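**Q** Quick one: the structure is below, questions incoming.
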2 protein chains.
Amino acid sequence: MKRYEQLAEEISTQIQQGILRTGDRLPSVRQASSGHGVSPSTVFSAYYLLESQGYIEARPRSGYYVTRAKKERHAEPPLSQPSSDLLDVDVSKLVFEVLGHIRQRETAPLGSAFPSPELFPLERLSRSVGRALRRLDPWQTVEDLAPGSEGLRRQLSLRYLAAGGSVDVGEIIVTNGAMEALNLSLEVLTQPGDLVAVESPTFYGALQALERLNLRAVEVATHPRTGVDIASLKQVLDKHPVKACWFMPHFQNPLGSLMPEAQKQDMVKLLAERGIPLIEDGVYDELYFGARKPWPAKAYDKHGLVLHCSSFSKCLAPGYRIGWVAAGRYAAALSRRKLMTSLGAPVPSQEGLLDFLQHGGYDLHLRRLRETLAQAQARALRLVAKHFPAGTKVTKPEGGYFLWLEMPAQVDALALHRLALSHKISLAPGHLFSADHRHANSVRLNYGHPAGRTLDEAMKTVGQLACRLADG
Amino acid sequence: MKRYEQLAEEISTQIQQGILRTGDRLPSVRQASSGHGVSPSTVFSAYYLLESQGYIEARPRSGYYVTRAKKERHAEPPLSQPSSDLLDVDVSKLVFEVLGHIRQRETAPLGSAFPSPELFPLERLSRSVGRALRRLDPWQTVEDLAPGSEGLRRQLSLRYLAAGGSVDVGEIIVTNGAMEALNLSLEVLTQPGDLVAVESPTFYGALQALERLNLRAVEVATHPRTGVDIASLKQVLDKHPVKACWFMPHFQNPLGSLMPEAQKQDMVKLLAERGIPLIEDGVYDELYFGARKPWPAKAYDKHGLVLHCSSFSKCLAPGYRIGWVAAGRYAAALSRRKLMTSLGAPVPSQEGLLDFLQHGGYDLHLRRLRETLAQAQARALRLVAKHFPAGTKVTKPEGGYFLWLEMPAQVDALALHRLALSHKISLAPGHLFSADHRHANSVRLNYGHPAGRTLDEAMKTVGQLACRLADG
C-alpha cells in the first residue's frame, strides 16, 4: 500500500469511528504534510482518494470537509462477459447518429468524448504558437513533415524518460491526433479480414477503425477497475489467430480501468511470447489521480512490439490535432504510411506545442487539470448515488473523465439517450461500445464539464429519467 | 484567341520580322496598356506568354527585353502511350528511395514536389494565426472539427463562386492537406481490388494511394499540353469496369498540361453518362499564368459526381496542412470517413487561414507568385535549351512549377538521378510516374526554387550529365 493510501485509510477510519464528523474541516495540506511527516503531494493524493470515495468534499477557497453523510455507495460493475464469437464490425451508423447531437452547444455534453475546452490554457498556448511562428525558418514548413518536428519529438522522448520509459526519438512519428496514429498503426499491422483483439466494452473509435479497414474483432473480458483480464486474453489468443491487440491500459474508454503494473507486464510478456503487436491507446495517460504517472505497457516492451499512441487533445491542446505514435520496430513502415496518407502534421501546431512544452508550464497545468477532474468525479459519483436507480453499478476510475454505469436490466440506454436528448442532454449509450451491441443497460457519462450547475442538473435529470425507466 | 494572346502574337511577329531586335527594351506595362488600349493585366499576360515562349526576358527592376537570340527551341513531347494492361501498383519503395534525398537542405531541389517556402508570406500568415487564436472561442476547438470551420468553408465557397463555379458550403470538407482529401475520396469511392483510371504519366502520390488501398490502375493517354485524351478515356471506359477516375486537369503533375475548357466539359459529360465519379486533383489551380483562372471540371458537373480536392500547401501555406474536398453527392460519406480517420483538421491552421483570406491580401500574393513562377519557367526553359542534349523534348506548361523532359532514349533517368545526387542535386525520374515504370528517359524538373544561382547551376550540371549519358 502506498503512503498516500495509508494516509487516506487512517482518515477514513477516523471518519467511520466518528472521530471526524460530518462538516468537520480537514487540516490544510500544509498542516497535514508537517503533521504526518509526508510531502504535500502525498496529502493531496490522499485527499483526492478520499474525495473520490465520497468521504470528503472540497469547497472552493475553503478546504476539505467531511461529507454530510457517508452514503450507501453503488457497487462496482463486474468483469465483462464478451461474446466468444468473431465479430464483423458495423457500429458506425449508430455512432454517428448518437454523436451528431453532442456538438450542439446548448446540449449538456454528458455523452461527449472531450473534456470542456475551458479547462485548457488556450491563451498561453496561442502565445506559444505566435512566438514559434515568428521565429519559424521557412524551410521547417517542409522539414517538419513526417516523421515530424525534431524538437517536438525530442520533448516527447524526454517525457517518456521522465515517466520511466525509454523511447528513442527515431521511433516517434507525429500524427494528426491520436486517431490518425491509431489508424495508421492498424493499417501497418493488418490486412483486410484480419482479426484484432479489443477490450469489452471498447472505445467505439477502435470499432470504427476496424470497420473502416474490413477487420474483424474479438472481445476480451475486461475488469472495470483493472482492465484487460490476462486469463481471458490468453484464452482468446489460444483459440484465435489474433493479428494485433488494441488496448487502453490507462483509464480505459469507457470503463476508466487502470491496469496494475504487474498485470501490464504480464500482458506485454504474453504478447511477446507469441509475437503479437499491441496498439496501446494512451490518450488519457496524463490524467491520473494517483501519486505518480502509471507506466505505459510500452515501458515493459523489450521487442519493439508495442506501438504507444497518444496526443495532446485530451490534456492540453484540443483542436491542435497533434498526436504521435512511438512505433517500435514498425517505425519506418509507419512513417512511410503517414507520408502516403496525409504527408505531415501541421507545423503551426507542432511548433506551438514545442514552445509550450519548453516554456508554458505544462506540468503545472496538468496538476491543476487532474485536481479539477478528480473533484468533478467525486461530485459526479455523489450525484449518481443520489439520483440513479437502486441497483445501479458504477466505476470509480483513478483518472480520466468518464464514469461507466450499469443500470438495472430494464433500463435501455438508447431509450434513456432519446429521453435525455429531449431534455437537451447527451449520453453515450452502452450499445456504442461493443461490436455486438451489448451493454444495452449501460451508459458512459462525461464529468469533464464541471463548470456552473450544468453537470449537477443534467445528472439529476438523467438519473430521474433512468428511475422512471427502471420502474417500467 | 484571347486579347492577350493576340497582343503576344503581334509582338512575336515584330520580333520575327526584325522590327524588334535582340536587346531591345519593350514598352513598360503602363505604356503598352495605354498604347494598345488594353488593361495592364492583359499586357502582363502577353509578356508572360512571350517570356515562356522564349521571345523576351525579364530583367529585375528594369523591364522586359527581347532575348539575345531566339534559340531553336526543344520540341514538345508527344501524347503518351500507356500500357493497356490493368496494373497492380507497387511504386512506393522507389518513391521513398528517391524522395528521401530531397529533404536535405544542401541538395538543390530540382526533384522536389514543393515550391520554395521563401515564396510564401509566412510572416503575414503567422500574424493572422496570432490574431485568430487571440479571439478564438474555446468551443471552436471542438466545433471546427469535421467538416471544418464554417467560416473557412464559406470563404472557399466564395472563391469557387469568383472562379465561375457554384459550390455549396455543405459539400466542402476541410482536410489535412489535399493528400488526405484525395485519399479519403478514394476510400469512399472504392473497395479493394477496384480499378481506377489515372493519367499517363501520373502523380506518384496517386499511385501510392492506389497501392495503399489495394486498388488497380489503368492509365489513360495524356497529352503534355492538353491533358487527358478524351478518345483514349472513352476506349478505356468501354473496355474496363472503371470505378473512379483520378485526374489533374490543371497543370498536371508531372506534365504541366492544362485541359482546354471544352475538353474538360466533354470529360465530365462522358463520365456522367456512365455514372463514374471523378476525383479532381486541383492543387495547382491557383498557379495559372494565363489571364484568368481556368474553371475546374467541377464547374461543369451537374450530378455531384466530381470531387474537387485542393489545398493551400502549394500556393499559400506550406506546412499548415489545410486542404479540402468539395465532395458533391459523396459529402456526407466523406465527412464521416474524415471523422473516423483523423477526426478534424487543425484549428490554428484553419482559423489562421480564414483570417488571412479575409484580411491578408491573398489575391495580391497569388498575382506575385504567378509572376515569379512564370519568370522562373522562362529561365528554366532557356537553361534546358542551352544545356540539355539535342533531341530533348520539353513541356511549356501554362502554370505550376514543373517541366517534364523527355530525353534521348539512351538517357536513363534513374542513372541521371544518381549522378545528379553525387553533385547534391535531386531529380524526379520518370519511373516514379507510372505503375509499370515507363518514362525511363523522362524527368520532372522543379523550377519553383528560383532564388540565387542554384537553379541555373543545378540545371547546367544536370544538362551536362544528361549529355554525357546521351553520348554513351
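Ordered as shown in the C-alpha cells, chains take letters A, B, and onward, while each chain numbers its residues from 1 and ligands are numbered from 1 in the order shown.
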Kindly determine which residues of chain B lie within 6 Å of chain A, considering only C-alpha atoms, and give the answer as a list in words.

**A**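 Here they are: Pro117, Ser126, Gly130, Leu133, Pro138, Thr141, Met179, Glu180, Pro318, Gly319, Tyr320, Arg321, Thr341, Ser342, Pro346 and Val347 of chain B.
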
**Q** Could you pull the residues within 8 Å of Thr392 of chain B, counting only C-alpha atoms, minus those fewer than 3 positions along the same chain, as a PDB file with C-alpha atoms, in the first residue's frame?

**A**
ATOM      1  CA  HIS B  74      13.130  21.943 -77.922  1.00  0.00           C
ATOM      2  CA  ALA B  75      10.054  20.236 -79.288  1.00  0.00           C
ATOM      3  CA  PHE B 388      20.348  19.530 -72.358  1.00  0.00           C
ATOM      4  CA  PRO B 389      21.128  17.020 -75.123  1.00  0.00           C
ATOM      5  CA  LEU B 405      11.660  16.484 -70.158  1.00  0.00           C
ATOM      6  CA  GLU B 406      11.769  13.554 -72.497  1.00  0.00           C
ATOM      7  CA  MET B 407      15.448  12.978 -73.174  1.00  0.00           C
ATOM      8  CA  PRO B 408      17.058  10.807 -75.864  1.00  0.00           C
TER       9      PRO B 408
END

**Q** Excluding Val29 of chain B and its own-chain neighbours fewer than 6 positions away, which residues fall within 8 Å of it when counting only C-alpha atoms? Please give them as a list in words.

**A**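 Non-adjacent residues within range: Pro40, Val43 and Phe44 of chain B.
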
**Q** Name the closest residue to Phe433 of chain A among the candidates A:Asn253, A:Ser232, A:Thr395, A:Ser39; distances are taken between atoms, counting only C-alpha atoms.

**A**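 When distances to Phe433 of chain A are compared using only C-alpha atoms, the smallest one comes from A:Asn253.
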
**Q** Smallest atom-to-atom distance to Leu161 of chain B: which of B:Met1, B:Trp295, B:Gln410, B:His439, using only C-alpha atoms?

**A** B:Trp295

**Q** Using only C-alpha atoms, tabulate the residues of segment 260-299 of chain B lying at most 10 Å from any atom of segment 354-366 of chain B, each with its closest atom pair and that distance in Å to one decimal, by chain and increasing residue number, as a Markdown table.

**A**
| residue | atom | partner | partner_atom | distance |
| --- | --- | --- | --- | --- |
| B:Glu286 | CA | B:Leu366 | CA | 7.3 |
| B:Leu287 | CA | B:Leu366 | CA | 7.6 |
| B:Tyr288 | CA | B:Leu366 | CA | 9.6 |

**Q** So what do you get for atom CA of Leu86 of chain A versus atom CA of Lys239 of chain A, distance-wise?

**A**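 Calculated distance between atom CA of Leu86 of chain A and atom CA of Lys239 of chain A is 10.8 Å.
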